[in-house]
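target13.cif follows; it contains mmCIF, C-alpha atoms.
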data_upload
loop_
_atom_site.label_atom_id
_atom_site.label_comp_id
_atom_site.auth_asym_id
_atom_site.auth_seq_id
_atom_site.Cartn_x
_atom_site.Cartn_y
_atom_site.Cartn_z
CA MET A 9 20.70 -10.18 -7.21
CA ASN A 10 22.47 -7.15 -8.64
CA LEU A 11 22.28 -4.13 -6.34
CA SER A 12 23.53 -1.02 -8.05
CA ALA A 13 24.41 2.14 -6.16
CA GLN A 14 21.20 3.70 -7.50
CA LEU A 15 19.09 0.87 -6.09
CA LEU A 16 20.86 1.10 -2.73
CA LEU A 17 19.95 4.79 -2.58
CA LEU A 18 16.27 3.92 -3.06
CA ILE A 19 16.13 1.45 -0.15
CA PRO A 20 15.86 4.09 2.63
CA PHE A 21 12.99 5.78 0.78
CA VAL A 22 11.14 2.48 0.45
CA LEU A 23 11.78 1.58 4.09
CA ALA A 24 10.37 4.98 5.01
CA ILE A 25 7.08 3.97 3.33
CA GLY A 26 6.71 1.28 5.99
CA ALA A 27 7.40 3.80 8.74
CA ALA A 28 4.99 6.28 7.16
CA MET A 29 2.24 3.66 6.92
CA THR A 30 2.59 2.74 10.58
CA LEU A 31 2.67 6.39 11.63
CA GLN A 32 -0.33 7.17 9.41
CA THR A 33 -2.30 4.29 10.92
CA ALA A 34 -1.43 5.34 14.47
CA ILE A 35 -2.41 8.96 13.83
CA ASN A 36 -5.64 7.98 12.06
CA THR A 37 -6.48 5.65 14.94
CA GLN A 38 -6.16 8.51 17.43
CA VAL A 39 -8.26 10.75 15.19
CA SER A 40 -10.94 8.05 14.96
CA GLN A 41 -11.07 7.82 18.75
CA ILE A 42 -11.51 11.58 19.06
CA LEU A 43 -14.13 11.72 16.30
CA ALA A 44 -15.69 8.38 17.37
CA SER A 45 -15.69 7.24 13.73
CA SER A 46 -13.17 5.33 11.63
CA LEU A 47 -14.84 6.53 8.45
CA GLN A 48 -14.69 10.19 9.49
CA ALA A 49 -11.01 9.79 10.37
CA ALA A 50 -10.38 8.23 6.95
CA PHE A 51 -12.34 11.05 5.30
CA LEU A 52 -10.23 13.66 7.09
CA SER A 53 -7.05 11.85 6.05
CA PHE A 54 -8.12 11.66 2.39
CA SER A 55 -9.31 15.28 2.39
CA ILE A 56 -5.95 16.54 3.59
CA GLY A 57 -4.17 14.22 1.17
CA THR A 58 -6.32 15.47 -1.71
CA VAL A 59 -5.52 19.11 -0.93
CA LEU A 60 -1.80 18.31 -0.72
CA LEU A 61 -1.90 16.40 -4.01
CA ALA A 62 -3.73 19.27 -5.69
CA LEU A 63 -1.03 21.68 -4.54
CA LEU A 64 1.71 19.33 -5.74
CA VAL A 65 0.04 18.94 -9.15
CA LEU A 66 -0.19 22.73 -9.50
CA TRP A 67 3.40 23.19 -8.32
CA ALA A 68 4.73 20.59 -10.79
CA ARG A 69 3.43 22.73 -13.67
CA GLN A 70 2.86 19.74 -15.90
CA PRO A 71 0.07 19.86 -18.45
CA LEU A 72 -3.18 18.50 -17.07
CA PRO A 73 -4.65 15.47 -18.88
CA GLN A 74 -7.28 16.00 -21.50
CA LEU A 75 -10.78 14.75 -20.71
CA ALA A 76 -10.45 12.18 -23.53
CA GLN A 77 -7.36 10.72 -21.82
CA LEU A 78 -9.33 10.24 -18.61
CA PHE A 79 -12.12 8.48 -20.50
CA ASN A 80 -9.60 6.19 -22.21
CA LEU A 81 -8.22 4.84 -18.95
CA PRO A 82 -9.08 1.19 -18.29
CA TRP A 83 -12.12 0.77 -16.03
CA TYR A 84 -10.02 -0.64 -13.20
CA SER A 85 -7.92 2.54 -13.05
CA TYR A 86 -10.67 4.10 -10.98
CA CYS A 87 -10.49 1.29 -8.41
CA ALA A 88 -7.19 2.52 -6.94
CA GLY A 89 -8.93 5.25 -4.96
CA MET A 90 -11.49 2.76 -3.68
CA LEU A 91 -8.69 0.41 -2.63
CA GLY A 92 -7.08 3.28 -0.73
CA VAL A 93 -10.34 3.96 1.10
CA TYR A 94 -10.58 0.29 2.01
CA ALA A 95 -6.97 0.12 3.20
CA ILE A 96 -7.10 3.26 5.33
CA SER A 97 -10.55 2.62 6.79
CA ILE A 98 -9.87 -1.01 7.70
CA SER A 99 -6.40 -0.20 9.07
CA ILE A 100 -7.86 2.41 11.42
CA TYR A 101 -10.31 -0.18 12.75
CA THR A 102 -8.05 -3.26 12.92
CA ALA A 103 -4.57 -2.02 13.87
CA PRO A 104 -5.41 -1.13 17.48
CA LYS A 105 -7.19 -4.47 17.94
CA LEU A 106 -4.38 -6.58 16.46
CA GLY A 107 -1.46 -4.42 17.59
CA PHE A 108 0.68 -2.50 15.13
CA LEU A 109 3.30 -5.25 14.74
CA THR A 110 0.80 -7.98 13.88
CA PHE A 111 -1.19 -5.58 11.69
CA SER A 112 1.94 -4.57 9.75
CA GLY A 113 3.06 -8.18 9.43
CA LEU A 114 -0.29 -9.20 7.98
CA VAL A 115 -0.24 -6.25 5.56
CA ILE A 116 3.27 -7.17 4.42
CA PHE A 117 2.30 -10.84 4.03
CA GLY A 118 -0.76 -9.85 1.99
CA GLN A 119 1.40 -7.61 -0.19
CA LEU A 120 3.92 -10.40 -0.62
CA LEU A 121 1.33 -12.95 -1.73
CA THR A 122 -0.34 -10.53 -4.11
CA SER A 123 3.02 -9.39 -5.48
CA MET A 124 4.05 -13.00 -6.15
CA LEU A 125 0.86 -13.52 -8.15
CA PHE A 126 1.30 -10.27 -10.08
CA ASP A 127 4.91 -11.17 -10.89
CA HIS A 128 4.08 -14.78 -11.79
CA PHE A 129 1.18 -13.99 -14.12
CA GLY A 130 2.34 -10.55 -15.32
CA TRP A 131 -0.92 -8.91 -14.30
CA LEU A 132 -1.46 -5.21 -15.12
CA GLY A 133 1.73 -5.04 -17.16
CA ALA A 134 4.09 -6.43 -14.52
CA GLU A 135 7.13 -8.23 -15.89
CA LYS A 136 6.63 -11.98 -15.56
CA ASN A 137 8.81 -13.50 -12.86
CA PRO A 138 7.76 -17.06 -11.99
CA ILE A 139 7.18 -18.19 -8.43
CA HIS A 140 9.93 -20.59 -7.37
CA TRP A 141 10.73 -22.39 -4.15
CA GLN A 142 12.94 -19.59 -2.74
CA ARG A 143 10.17 -17.02 -3.12
CA LEU A 144 7.64 -19.40 -1.65
CA LEU A 145 9.94 -20.15 1.27
CA GLY A 146 10.40 -16.41 1.86
CA GLY A 147 6.62 -16.04 2.04
CA VAL A 148 6.33 -18.95 4.49
CA VAL A 149 9.07 -17.46 6.70
CA ILE A 150 7.24 -14.12 6.80
CA PHE A 151 3.95 -15.86 7.59
CA VAL A 152 5.56 -17.79 10.45
CA GLY A 153 6.98 -14.48 11.70
CA VAL A 154 3.51 -12.96 11.65
CA LEU A 155 2.15 -15.95 13.59
CA LEU A 156 4.87 -15.40 16.20
CA THR A 157 3.75 -11.78 16.65
CA LEU A 158 0.29 -13.01 17.65
CA GLN A 159 1.75 -14.38 20.88
CA ARG A 160 1.35 -11.76 23.58
#

Spell out the structure here as structure tokens.
Amino acid sequence: MNLSAQLLLLIPFVLAIGAAMTLQTAINTQVSQILASSLQAAFLSFSIGTVLLALLVLWARQPLPQLAQLFNLPWYSYCAGMLGVYAISISIYTAPKLGFLTFSGLVIFGQLLTSMLFDHFGWLGAEKNPIHWQRLLGGVVIFVGVLLTLQR
């Protein structure tokens, strides 16, 4: 594996995504307890996120897409928002029941499996990178780690 200085600089930002996801789940869980609704907590989270994204889009001063461009997107492009709703809503409900460590481990394992398939088959334009025994072993090690977190 070739790690350039540029890639090494990106690692802390990517690690921070993991921290942000755990923090987001913990905050949303508290909000859901106060509002007595996981869906309302997710709605609040997405509403605030939408306002922030709108401000960032305006601040970036990039030309907005034409309506024709939006209609030319593949049908599955519109599923990303639905997947976000699923991820946030289910995380709010399941993380407190599983514990944040087990929850995060399962999320990472799910991402790992899906990523292996995307890489192997080149789905959605991903560069093909076949599954080999080292990658499979890495997935097994992570799964065993997740199983160990279930012990309380």

Handout entry: Residue IDs satisfying the PyMOL selection byres ((chain A and resi 88-96) around 10), as a PyMOL selection string
Key = chain A and resi 29+32-33+36-37+46-47+49-51+53-54+84-87+97-101+115

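A straight line drawn from atom CA of Leu31 of chain A to atom CA of Ala68 of chain A is 26.6 Å long.
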
Handout entry: Output check: residues returned by the PyMOL selection byres ((chain A and resi 110) around 12), as number ranges by chain
Key = A: 30, 99, 102-109, 111-117, 150-160

Fill in the blank from the handout: atom CA of Val149 of chain A to atom CA of Leu121 of chain A measures 12.3 Å

Practice task
Decode the PyMOL selection byres ((chain A and resi 143) around 12) for the given file into explicit residues and return them as number ranges by chain.
Solution key: A: 120-121, 123-125, 127-128, 137-142, 144-150
